[in-house]
$ cat target12.txt   # compact mmCIF, C-alpha atoms
# COMPACT_ATOMS: atom_id res chain seq x y z
CA MET A 1 68.76 105.39 108.92
CA GLN A 2 72.28 104.56 110.08
CA LEU A 3 74.12 102.23 107.71
CA THR A 4 77.69 101.05 107.38
CA LEU A 5 78.92 100.90 103.81
CA GLU A 6 82.16 99.22 102.85
CA PHE A 7 84.02 99.27 99.55
CA GLY A 8 86.68 96.75 98.61
CA GLY A 9 88.58 95.05 95.83
CA GLY A 10 89.57 98.45 94.43
CA LEU A 11 86.12 100.10 94.53
CA GLU A 12 87.32 102.24 97.46
CA LEU A 13 89.44 104.13 94.90
CA LEU A 14 86.19 105.58 93.57
CA CYS A 15 85.40 107.11 96.96
CA ALA A 16 88.67 108.85 97.78
CA SER A 17 90.27 105.57 98.98
CA VAL A 18 88.03 105.41 102.05
CA LYS A 19 86.87 101.84 102.65
CA ILE A 20 84.36 102.22 105.47
CA HIS A 21 81.64 104.86 105.51
CA ASN A 22 79.18 105.30 108.37
CA VAL A 23 76.28 107.09 106.78
CA ASP A 24 72.80 108.33 107.51
CA VAL A 25 70.41 107.74 104.62
CA SER A 26 66.70 108.58 104.71
CA PRO A 27 64.01 106.90 102.62
CA ASN A 28 62.31 109.03 99.97
CA ASN A 29 59.17 109.32 102.07
CA GLU A 30 57.94 108.21 105.47
CA VAL A 31 55.95 105.24 104.20
CA ASP A 32 58.40 103.48 101.95
CA LYS A 33 61.23 101.40 103.21
CA LEU A 34 64.72 102.14 101.96
CA THR A 35 65.77 99.54 99.40
CA MET A 36 69.09 98.73 97.80
CA LYS A 37 67.87 100.49 94.67
CA ASP A 38 67.51 103.73 96.64
CA LEU A 39 70.84 103.19 98.35
CA LEU A 40 72.69 102.80 95.03
CA VAL A 41 71.30 106.14 93.85
CA TRP A 42 72.37 107.72 97.14
CA VAL A 43 75.86 106.22 97.00
CA ARG A 44 76.37 107.36 93.46
CA ALA A 45 75.33 110.90 94.34
CA ASN A 46 77.11 111.19 97.70
CA LEU A 47 80.12 108.88 97.91
CA ILE A 48 81.40 108.16 94.40
CA LYS A 49 83.94 110.85 93.57
CA GLU A 50 85.17 109.62 90.18
CA ARG A 51 84.34 107.28 87.29
CA PRO A 52 80.75 106.44 88.37
CA GLU A 53 80.61 103.98 85.45
CA MET A 54 83.08 101.82 87.38
CA PHE A 55 80.47 101.47 90.12
CA MET A 56 77.12 101.39 88.34
CA LYS A 57 75.66 100.28 85.04
CA ASP A 58 72.08 101.34 84.33
CA ASP A 59 70.32 101.22 87.71
CA SER A 60 72.40 98.42 89.22
CA VAL A 61 76.06 97.78 90.00
CA ARG A 62 78.38 97.09 87.07
CA PRO A 63 79.28 93.50 86.15
CA GLY A 64 81.97 92.08 88.43
CA VAL A 65 80.77 93.79 91.62
CA LEU A 66 79.43 91.64 94.45
CA VAL A 67 76.94 93.26 96.80
CA LEU A 68 76.61 91.86 100.31
CA VAL A 69 73.92 92.90 102.77
CA ASN A 70 74.92 91.80 106.26
CA ASP A 71 77.51 89.40 104.81
CA CYS A 72 75.02 87.81 102.45
CA ASP A 73 74.93 88.02 98.64
CA TRP A 74 72.10 90.38 97.64
CA GLU A 75 70.96 87.82 95.04
CA LEU A 76 69.60 85.88 98.03
CA SER A 77 67.66 88.82 99.45
CA GLY A 78 66.04 90.33 96.38
CA GLN A 79 68.88 92.26 94.73
CA LEU A 80 67.70 95.83 94.04
CA ASP A 81 64.51 95.22 96.05
CA THR A 82 66.37 94.16 99.19
CA PRO A 83 64.86 96.20 102.06
CA LEU A 84 67.36 97.83 104.39
CA GLU A 85 67.10 98.07 108.16
CA GLU A 86 68.74 100.32 110.74
CA LYS A 87 72.44 99.40 111.32
CA ASP A 88 72.70 97.16 108.25
CA VAL A 89 76.15 96.62 106.79
CA VAL A 90 76.35 96.80 103.00
CA VAL A 91 79.56 95.72 101.28
CA PHE A 92 80.44 96.48 97.65
CA ILE A 93 83.35 94.42 96.46
CA SER A 94 84.95 94.21 93.07
CA THR A 95 85.96 90.70 92.08
CA LEU A 96 89.73 90.27 91.83
CA HIS A 97 91.45 88.46 88.97
CA GLY A 98 95.06 88.73 90.03
CA GLY A 99 97.05 85.86 91.44
CA MET B 1 105.89 81.56 81.86
CA LYS B 2 109.37 82.40 83.16
CA ILE B 3 110.15 83.83 86.55
CA GLU B 4 111.11 87.44 86.69
CA PHE B 5 112.28 89.33 89.71
CA SER B 6 108.82 90.71 90.35
CA ALA B 7 107.39 87.22 90.62
CA PHE B 8 109.18 86.75 93.88
CA SER B 9 107.17 89.09 95.79
CA HIS B 10 104.41 87.17 94.34
CA ALA B 11 104.37 83.70 95.63
CA VAL B 12 105.83 81.76 98.48
CA ILE B 13 106.87 78.93 96.18
CA HIS B 14 109.51 80.56 93.97
CA THR B 15 113.07 81.23 95.12
CA GLU B 16 115.84 83.48 93.86
CA ALA B 17 117.78 80.55 92.43
CA TYR B 18 115.13 80.06 89.74
CA ILE B 19 115.07 83.52 88.18
CA GLY B 20 114.76 83.16 84.42
CA GLN B 21 113.47 79.59 84.63
CA PRO B 22 109.90 78.48 83.97
CA LYS B 23 107.54 78.88 86.92
CA VAL B 24 106.46 75.28 86.49
CA LYS B 25 110.04 74.04 87.06
CA SER B 26 110.54 76.31 90.04
CA ALA B 27 107.26 75.32 91.70
CA ALA B 28 107.87 71.61 91.09
CA ALA B 29 111.38 71.85 92.55
CA ALA B 30 110.07 73.65 95.65
CA CYS B 31 107.42 70.96 96.21
CA ARG B 32 109.97 68.16 95.81
CA LEU B 33 112.24 69.82 98.36
CA ILE B 34 109.42 69.68 100.90
CA ASN B 35 108.26 66.17 100.07
CA SER B 36 110.18 63.96 97.68
CA THR B 37 107.54 61.22 97.66
CA ILE B 38 104.78 63.19 95.94
CA GLN B 39 104.14 62.71 92.25
CA ILE B 40 104.36 65.94 90.28
CA VAL B 41 103.44 66.26 86.61
CA GLU B 42 104.79 69.37 84.89
CA HIS B 43 102.77 70.97 82.11
CA GLN B 44 105.03 73.61 80.66
CA GLU B 45 102.61 75.17 78.19
CA ALA B 46 100.05 77.95 78.17
CA LEU B 47 96.54 76.78 79.05
CA ARG B 48 94.18 77.34 76.11
CA THR B 49 90.80 75.96 75.04
CA SER B 50 92.74 73.67 72.69
CA ASN B 51 94.55 71.82 75.52
CA ALA B 52 92.55 72.62 78.69
CA LEU B 53 90.13 69.68 78.44
CA GLU B 54 92.94 67.21 77.97
CA ILE B 55 95.08 68.60 80.79
CA LEU B 56 92.35 69.25 83.39
CA SER B 57 90.62 65.91 82.76
CA GLN B 58 93.65 64.14 84.29
CA TYR B 59 93.00 65.69 87.71
CA ASP B 60 90.25 65.46 90.34
CA ILE B 61 90.52 68.97 91.76
CA ILE B 62 91.56 72.13 89.93
CA VAL B 63 93.16 75.11 91.72
CA ASP B 64 92.97 78.46 89.89
CA ALA B 65 95.73 80.91 90.75
CA THR B 66 95.86 82.68 87.39
CA ASP B 67 96.19 86.40 86.85
CA ASN B 68 93.48 87.44 84.38
CA ALA B 69 89.75 87.36 83.71
CA PRO B 70 89.70 85.28 80.46
CA SER B 71 91.71 82.50 82.14
CA ARG B 72 89.31 82.47 85.06
CA TYR B 73 86.24 82.09 82.82
CA MET B 74 88.02 79.48 80.72
CA ILE B 75 89.11 77.37 83.70
CA SER B 76 85.69 77.57 85.37
CA ASP B 77 83.85 76.58 82.18
CA CYS B 78 86.29 73.72 81.62
CA CYS B 79 85.67 72.47 85.19
CA VAL B 80 81.90 72.56 84.57
CA VAL B 81 82.24 70.63 81.31
CA LEU B 82 84.45 68.04 83.05
CA GLY B 83 82.52 68.01 86.36
CA LYS B 84 85.54 68.97 88.47
CA PRO B 85 85.56 71.13 91.63
CA LEU B 86 87.49 74.37 91.31
CA VAL B 87 89.33 76.06 94.17
CA SER B 88 89.56 79.67 93.06
CA GLY B 89 91.82 82.23 94.72
CA ALA B 90 92.72 85.76 93.71
CA ALA B 91 94.83 88.53 95.15
CA LEU B 92 95.60 92.12 94.31
CA GLY B 93 97.29 94.82 96.30
CA LEU B 94 96.50 94.05 99.92
CA GLU B 95 93.33 92.05 99.37
CA GLY B 96 92.54 88.45 98.60
CA GLN B 97 89.43 86.44 97.72
CA LEU B 98 88.81 82.70 97.90
CA THR B 99 85.93 80.36 97.09
CA VAL B 100 85.13 76.88 95.75
CA TYR B 101 83.16 76.62 92.51
CA ASN B 102 81.28 73.78 90.86
CA HIS B 103 81.31 71.53 93.92
CA ASN B 104 78.33 69.57 95.26
CA ARG B 105 75.85 71.42 93.03
CA GLY B 106 77.29 74.75 94.12
CA PRO B 107 77.67 77.74 91.78
CA CYS B 108 80.26 78.11 89.06
CA TYR B 109 82.21 81.30 88.29
CA ARG B 110 79.61 82.33 85.70
CA CYS B 111 76.72 81.95 88.17
CA LEU B 112 78.36 84.76 90.12
CA PHE B 113 79.67 86.75 87.21
CA PRO B 114 77.51 86.05 84.13
CA THR B 115 78.75 89.21 82.41
CA PRO B 116 82.48 89.96 82.33
CA PRO B 117 83.52 93.18 84.05
CA PRO B 118 84.78 96.09 81.92
CA THR B 119 88.48 95.68 81.11
CA THR B 120 89.32 98.80 83.09
CA ALA B 121 88.12 96.96 86.21
CA CYS B 122 90.41 93.98 85.60
CA GLN B 123 93.63 95.01 87.23
CA ARG B 124 96.48 92.55 87.15
CA CYS B 125 99.22 92.18 89.75
CA ALA B 126 101.84 93.03 87.11
CA ASP B 127 100.17 96.40 86.61
CA SER B 128 98.73 97.25 89.98
CA GLY B 129 101.09 95.52 92.38
CA VAL B 130 100.51 92.98 95.10
CA LEU B 131 102.15 92.40 98.47
CA GLY B 132 103.65 88.90 98.17
CA VAL B 133 102.39 87.73 101.57
CA VAL B 134 98.78 88.18 100.44
CA PRO B 135 98.78 85.70 97.54
CA GLY B 136 100.96 83.50 99.78
CA ILE B 137 98.15 83.37 102.36
CA ILE B 138 95.46 82.84 99.73
CA CYS B 139 97.51 80.03 98.13
CA CYS B 140 97.87 78.25 101.48
CA LEU B 141 94.12 78.51 102.06
CA GLN B 142 93.55 77.15 98.53
CA ALA B 143 95.76 74.16 99.38
CA LEU B 144 93.70 73.64 102.51
CA GLU B 145 90.41 73.66 100.59
CA ALA B 146 91.85 71.25 98.04
CA ILE B 147 92.90 68.85 100.82
CA LYS B 148 89.42 69.08 102.41
CA ILE B 149 87.73 68.29 99.10
CA ALA B 150 90.16 65.46 98.32
CA SER B 151 89.56 63.84 101.69
CA ALA B 152 85.85 64.71 101.86
CA VAL B 153 86.10 66.25 105.31
CA GLY B 154 84.69 69.43 106.78
CA GLU B 155 82.74 72.12 104.99
CA PRO B 156 84.32 73.31 101.76
CA LEU B 157 84.06 77.00 100.97
CA SER B 158 81.27 76.44 98.45
CA GLU B 159 78.43 79.00 98.29
CA ARG B 160 80.62 81.09 100.58
CA MET B 161 83.48 83.43 99.85
CA LEU B 162 86.41 84.42 102.01
CA LEU B 163 87.44 88.04 101.72
CA PHE B 164 90.84 88.93 103.15
CA ASP B 165 91.86 92.53 103.82
CA ALA B 166 95.49 92.58 104.92
CA LEU B 167 95.58 96.28 105.75
CA SER B 168 92.80 96.14 108.32
CA ALA B 169 93.73 92.56 109.34
CA ARG B 170 90.24 91.28 108.71
CA ILE B 171 88.89 88.08 107.22
CA ARG B 172 85.21 88.04 106.41
CA ILE B 173 83.35 85.00 105.19
CA VAL B 174 80.18 85.81 103.31
CA LYS B 175 77.32 83.77 101.94
CA ILE B 176 77.05 83.84 98.16
CA ARG B 177 74.33 82.68 95.78
CA GLY B 178 73.91 79.02 94.86
CA ARG B 179 73.95 77.56 91.37
CA SER B 180 71.97 79.76 89.00
CA LEU B 181 69.26 77.95 87.06
CA GLN B 182 69.78 80.45 84.26
CA CYS B 183 73.57 80.05 84.12
CA GLU B 184 74.67 79.76 80.51
CA VAL B 185 77.22 77.10 81.33
CA CYS B 186 76.02 75.09 84.34
CA GLY B 187 72.30 76.06 84.45
CA GLU B 188 69.28 73.76 84.09
CA ASN B 189 68.76 74.32 80.39
CA SER B 190 72.29 74.97 79.29
CA ALA B 191 74.09 72.46 77.16
CA PHE B 192 77.62 73.78 77.13
CA THR B 193 79.51 70.99 75.38
CA LYS B 194 83.18 70.18 75.04
CA GLN B 195 83.03 71.39 71.46
CA GLN B 196 81.43 74.69 72.46
CA PHE B 197 84.14 75.10 75.05
CA LYS B 198 86.85 74.49 72.47
CA ASP B 199 85.30 77.02 70.11
CA PHE B 200 84.65 79.69 72.75
CA ASP B 201 86.71 82.86 72.38
CA TYR B 202 87.53 83.90 75.96
CA GLU B 203 89.65 86.85 74.90
CA LYS B 204 86.79 88.27 72.88
CA PHE B 205 84.27 87.52 75.64
CA THR B 206 86.28 89.44 78.26
CA GLN B 207 87.95 91.87 75.87
CA SER B 208 91.31 91.08 77.44
CA PRO B 209 94.29 88.89 76.53
CA LEU B 210 95.01 85.46 78.03
CA SER B 211 98.74 86.08 77.84
CA ALA B 212 100.75 87.92 80.44
CA ALA B 213 102.33 90.36 78.00
CA PRO B 214 101.40 93.93 78.84
CA LEU B 215 99.08 95.78 76.53
CA MET B 216 100.78 97.94 73.88
CA LEU B 217 98.36 100.45 72.46
CA ASN B 218 98.95 102.41 69.29
CA LEU B 219 96.43 105.22 69.32
CA LEU B 220 98.35 108.18 67.93
CA PRO B 221 99.75 109.27 64.57
CA GLU B 222 103.55 109.23 64.44
CA ASP B 223 103.93 113.01 64.65
CA GLN B 224 102.22 113.02 68.05
CA ARG B 225 104.81 110.64 69.49
CA ILE B 226 108.48 110.85 70.37
CA HIS B 227 111.17 108.30 71.25
CA SER B 228 112.82 108.70 74.65
CA ARG B 229 116.30 109.12 73.08
CA GLU B 230 115.13 111.98 70.88
CA LEU B 231 113.49 113.71 73.83
CA LYS B 232 116.70 113.36 75.84
CA GLU B 233 118.63 115.08 73.02
CA ARG B 234 116.11 117.91 72.92
CA ILE B 235 116.30 118.37 76.70
CA VAL B 236 120.11 118.46 76.56
CA LYS B 237 119.88 121.14 73.84
CA GLY B 238 117.73 123.20 76.19
CA GLU B 239 114.42 122.98 74.32
CA ALA B 240 111.60 124.80 76.10
CA HIS B 241 109.20 122.09 77.22
CA VAL B 242 106.83 120.87 79.88
CA LEU B 243 106.80 117.19 80.85
CA VAL B 244 103.56 115.84 82.29
CA ASP B 245 103.59 112.45 84.02
CA VAL B 246 100.05 110.99 83.97
CA ARG B 247 100.65 108.01 86.27
CA PRO B 248 98.76 107.74 89.59
CA ALA B 249 100.40 109.77 92.39
CA HIS B 250 101.73 106.71 94.24
CA HIS B 251 103.57 105.58 91.09
CA PHE B 252 105.05 109.07 90.73
CA LYS B 253 106.35 108.83 94.29
CA ILE B 254 108.26 105.64 93.48
CA VAL B 255 110.23 107.21 90.66
CA SER B 256 109.89 110.17 88.32
CA LEU B 257 111.95 112.12 85.82
CA PRO B 258 113.45 115.43 86.97
CA ASN B 259 111.14 118.41 86.39
CA ALA B 260 108.16 116.25 85.50
CA MET B 261 104.82 117.45 86.83
CA ASN B 262 102.38 114.79 88.02
CA ILE B 263 98.81 115.05 86.78
CA PRO B 264 97.19 111.58 86.93
CA LEU B 265 95.16 110.69 83.84
CA SER B 266 91.98 110.45 85.94
CA SER B 267 92.20 114.13 86.88
CA LEU B 268 93.77 115.48 83.68
CA GLU B 269 90.61 117.02 82.31
CA SER B 270 90.02 119.11 85.42
CA ARG B 271 93.66 120.26 85.71
CA LEU B 272 94.31 121.57 82.20
CA ALA B 273 94.86 125.09 83.57
CA GLU B 274 97.98 123.89 85.38
CA ILE B 275 99.43 122.72 82.08
CA SER B 276 98.60 126.04 80.39
CA SER B 277 100.33 128.04 83.10
CA ALA B 278 103.35 125.71 83.16
CA LEU B 279 103.72 126.18 79.40
CA LYS B 280 103.51 129.97 79.79
CA GLU B 281 106.12 129.95 82.59
CA GLU B 282 108.45 127.85 80.47
CA GLU B 283 108.02 130.14 77.48
CA LYS B 284 108.81 133.20 79.61
CA ARG B 285 111.84 131.50 81.07
CA LYS B 286 113.43 130.01 77.98
CA LEU B 287 112.13 131.36 74.71
CA SER B 288 114.14 134.07 73.00
CA GLY B 289 111.34 135.27 70.77
CA PHE B 290 111.87 133.57 67.42
CA GLU B 291 110.80 130.11 68.60
CA SER B 292 107.19 129.03 68.29
CA GLY B 293 106.35 127.96 71.84
CA ALA B 294 107.16 125.42 74.52
CA SER B 295 106.64 121.75 73.66
CA LEU B 296 104.39 119.53 75.71
CA TYR B 297 105.43 115.92 76.41
CA VAL B 298 103.44 113.28 78.24
CA ILE B 299 104.87 110.20 79.93
CA CYS B 300 103.46 107.23 81.85
CA ARG B 301 104.78 103.81 82.86
CA ARG B 302 104.60 101.94 79.56
CA GLY B 303 103.23 104.39 77.01
CA ASN B 304 99.51 103.51 76.99
CA ASP B 305 97.95 106.09 79.31
CA SER B 306 100.26 108.75 77.84
CA GLN B 307 98.61 108.16 74.45
CA ARG B 308 95.14 108.44 75.97
CA ALA B 309 96.26 111.68 77.62
CA VAL B 310 97.66 113.08 74.34
CA GLN B 311 94.39 112.25 72.57
CA LEU B 312 92.54 114.23 75.21
CA LEU B 313 95.02 117.12 75.12
CA HIS B 314 94.75 117.45 71.34
CA LYS B 315 90.97 117.46 71.60
CA VAL B 316 91.04 120.45 73.97
CA GLY B 317 93.59 122.42 71.96
CA PHE B 318 97.04 121.42 73.18
CA THR B 319 98.13 120.62 69.64
CA SER B 320 101.84 120.34 70.47
CA ALA B 321 101.29 117.45 72.91
CA ARG B 322 103.30 114.31 72.17
CA ASP B 323 103.61 111.06 74.07
CA ILE B 324 106.87 109.37 74.98
CA ILE B 325 106.83 105.99 73.27
CA GLY B 326 107.17 103.12 75.74
CA GLY B 327 107.02 105.45 78.77
CA LEU B 328 109.39 105.30 81.72
CA GLU B 329 110.28 101.70 80.90
CA ALA B 330 111.65 102.81 77.54
CA TRP B 331 113.43 105.75 79.19
CA ALA B 332 115.10 103.36 81.65
CA ARG B 333 116.08 101.01 78.82
CA ASP B 334 117.28 103.56 76.25
CA VAL B 335 118.31 106.70 78.13
CA ASP B 336 118.98 106.18 81.83
CA PRO B 337 119.47 102.63 83.15
CA ASN B 338 119.66 104.06 86.68
CA ILE B 339 115.93 104.74 86.62
CA PRO B 340 114.38 101.88 88.60
CA THR B 341 111.55 100.02 86.86
CA TYR B 342 108.78 98.34 88.80

$ encode --input "target12.txt" --output "structure tokens"
Amino acid sequence: MQLTLEFGGGLELLCASVKIHNVDVSPNNEVDKLTMKDLLVWVRANLIKERPEMFMKDDSVRPGVLVLVNDCDWELSGQLDTPLEEKDVVVFISTLHGG
Amino acid sequence: MKIEFSAFSHAVIHTEAYIGQPKVKSAAAACRLINSTIQIVEHQEALRTSNALEILSQYDIIVDATDNAPSRYMISDCCVVLGKPLVSGAALGLEGQLTVYNHNRGPCYRCLFPTPPPTTACQRCADSGVLGVVPGIICCLQALEAIKIASAVGEPLSERMLLFDALSARIRIVKIRGRSLQCEVCGENSAFTKQQFKDFDYEKFTQSPLSAAPLMLNLLPEDQRIHSRELKERIVKGEAHVLVDVRPAHHFKIVSLPNAMNIPLSSLESRLAEISSALKEEEKRKLSGFESGASLYVICRRGNDSQRAVQLLHKVGFTSARDIIGGLEAWARDVDPNIPTY
């Protein structure tokens, strides 16, 4: 499944400073749909190059990270259970405090 | 808070003429220059839970342009307690974020971020840098949202967030969650009172200070540390040593001490072999036989990461490692004023 993943607000530093990743992720088996939960595991294993604890805590993202699926907060689509479709855009953004 | 040189890059409101003066004075003067008929009230004091209710209650709309996580939680909670809309903007590096909290039953800051992020994720402009135009743009957009709310026109940026990426020249507006029923401050069953607000310890909650003063850690025993002046004397005497600079590579490119080798703290553990071989080289080059070995010194910007690095180095057997107290800033102050600080 082709997905576009974007990292911002400093999270890109965890993946070699690359902000946009066009990736191909397959579900665990033919029947199940890929969910955000699966994607997080995949991202952690394949894209995060350093300090994984700055990206994830337990099986979700760490506090202070907003997750957007097609420009919409994942809280509105089921969080970890959000199903993903071909060509979805998933954004991980760390909240900024500076001013 | 006084204006320092670095604050310039930082906002469109402060000018060179006001260096050393309080930011409040400078900002008020700039506003009066543009429009002398507006009424400006200056509050030249740090915002704390002890005075926030009294100050914020005098206004209808609050604009948050602060620089740290505890202030952001404190201001948002205060706005919830007082029932005021909050126009919240943030900027760091080349990115900005903007949204409106606690407006028309929309979410508050805690609905979005119920748990504070780890302190290592809370970078501040003073530490990580910011391109002045970026907060300038975010500030102007904050002013716009404040005007819209004040005049009840248009669609305020509530339940939406604007994400600005200067480098790729992109603005993205995303939909964010509404008010959380479970929110500890604004939720259905929460009863966050004025008294609870006054008693709440925001520094403890976020594990970071409300004040702008940079963190000064003290992790090491005295014999694992050295003052910059003493190191300078040792270098002049020709002491065999290796100097490791543990700042990120882009900091190292701005300025570095002669002969320092750059191994950022994040990759130190995997690059220990480079330190071992540098020490061996130095010993071959300089030692005459009766000395005990080359010394290992570690420097960073302010002397915090260098202590973390020395802790790690001691743990893996580099028992001669010492950190330079106060880092490059101390070196620039006490040894070489020509070293630029940033």

$ interface_residues --input "target12.txt" --of "chain B" --to "chain A" --cutoff "7 Å" --atoms "all atoms listed in the file" --output "PyMOL selection string"
chain B and resi 65-69+90-92+95+113+115-117+122+124-125+135+174-177

$ atom_distance --input "target12.txt" --atom1 "CA of Lys237 in chain B" --atom2 "CA of Asn338 in chain B"
21.4 Å

$ atom_distance --input "target12.txt" --atom1 "CA of Asp60 in chain B" --atom2 "CA of Lys84 in chain B"
6.2 Å

$ atom_distance --input "target12.txt" --atom1 "CA of Asp77 in chain B" --atom2 "CA of Asn104 in chain B"
15.8 Å

$ residues_around --input "target12.txt" --residues "Leu181 in chain B" --least-positions-apart "6" --cutoff "10 Å" --atoms "only C-alpha atoms" --output "list in words"
Pro107, Cys111, Gly187, Glu188, Asn189 and Ser190 of chain B

$ residues_around --input "target12.txt" --residues "range 253-269 of chain B" --least-positions-apart "4" --cutoff "10 Å" --atoms "all atoms listed in the file" --output "PDB file with C-alpha atoms, in the coordinates of the input"
ATOM      1  CA  GLU A  50      85.170 109.620  90.180  1.00  0.00           C
ATOM      2  CA  ARG A  51      84.340 107.280  87.290  1.00  0.00           C
TER       3      ARG A  51
ATOM      4  CA  VAL B 242     106.830 120.870  79.880  1.00  0.00           C
ATOM      5  CA  LEU B 243     106.800 117.190  80.850  1.00  0.00           C
ATOM      6  CA  VAL B 244     103.560 115.840  82.290  1.00  0.00           C
ATOM      7  CA  ASP B 245     103.590 112.450  84.020  1.00  0.00           C
ATOM      8  CA  VAL B 246     100.050 110.990  83.970  1.00  0.00           C
ATOM      9  CA  ARG B 247     100.650 108.010  86.270  1.00  0.00           C
ATOM     10  CA  PRO B 248      98.760 107.740  89.590  1.00  0.00           C
ATOM     11  CA  ALA B 249     100.400 109.770  92.390  1.00  0.00           C
ATOM     12  CA  ALA B 273      94.860 125.090  83.570  1.00  0.00           C
ATOM     13  CA  GLU B 274      97.980 123.890  85.380  1.00  0.00           C
ATOM     14  CA  ILE B 275      99.430 122.720  82.080  1.00  0.00           C
ATOM     15  CA  ALA B 278     103.350 125.710  83.160  1.00  0.00           C
ATOM     16  CA  TYR B 297     105.430 115.920  76.410  1.00  0.00           C
ATOM     17  CA  VAL B 298     103.440 113.280  78.240  1.00  0.00           C
ATOM     18  CA  ILE B 299     104.870 110.200  79.930  1.00  0.00           C
ATOM     19  CA  CYS B 300     103.460 107.230  81.850  1.00  0.00           C
ATOM     20  CA  ARG B 301     104.780 103.810  82.860  1.00  0.00           C
ATOM     21  CA  ASP B 305      97.950 106.090  79.310  1.00  0.00           C
ATOM     22  CA  SER B 306     100.260 108.750  77.840  1.00  0.00           C
ATOM     23  CA  ARG B 308      95.140 108.440  75.970  1.00  0.00           C
ATOM     24  CA  ALA B 309      96.260 111.680  77.620  1.00  0.00           C
ATOM     25  CA  LEU B 312      92.540 114.230  75.210  1.00  0.00           C
ATOM     26  CA  LEU B 313      95.020 117.120  75.120  1.00  0.00           C
ATOM     27  CA  VAL B 316      91.040 120.450  73.970  1.00  0.00           C
ATOM     28  CA  LEU B 328     109.390 105.300  81.720  1.00  0.00           C
ATOM     29  CA  TRP B 331     113.430 105.750  79.190  1.00  0.00           C
ATOM     30  CA  ILE B 339     115.930 104.740  86.620  1.00  0.00           C
ATOM     31  CA  PRO B 340     114.380 101.880  88.600  1.00  0.00           C
ATOM     32  CA  THR B 341     111.550 100.020  86.860  1.00  0.00           C
ATOM     33  CA  TYR B 342     108.780  98.340  88.800  1.00  0.00           C
TER      34      TYR B 342
END

$ closest_residue --input "target12.txt" --among "A:Phe92, A:Gln2, A:Lys33, A:Glu85" --to "Cys15 in chain A" --atoms "all atoms listed in the file"
A:Phe92

$ residues_around --input "target12.txt" --residues "Val100 in chain B" --least-positions-apart "3" --cutoff "6 Å" --atoms "all atoms listed in the file" --output "list of chain:residue names"
B:Leu86, B:Val87, B:Ser88, B:Leu157, B:Ser158

$ residues_around --input "target12.txt" --residues "Leu98 in chain B" --least-positions-apart "4" --cutoff "8 Å" --atoms "all atoms listed in the file" --output "list in words"
Val87, Ser88, Gly89, Ala90, Ile138, Leu141, Gln142, Met161, Leu162 and Leu163 of chain B

$ residues_around --input "target12.txt" --residues "Met36 in chain A" --least-positions-apart "2" --cutoff "7 Å" --atoms "all atoms listed in the file" --output "ChimeraX atom specification"
/A:34,38-40,80-84

$ residues_near_point --input "target12.txt" --point "(106.0, 79.5, 93.4)" --cutoff "7 Å" --atoms "all atoms listed in the file" --output "list in words"
Ala11, Val12, Ile13, His14, Lys23, Ser26 and Ala27 of chain B

$ closest_residue --input "target12.txt" --among "A:Asn22, A:Arg44, A:Ser60, A:Ala16" --to "Leu3 in chain A" --atoms "all atoms listed in the file"
A:Asn22
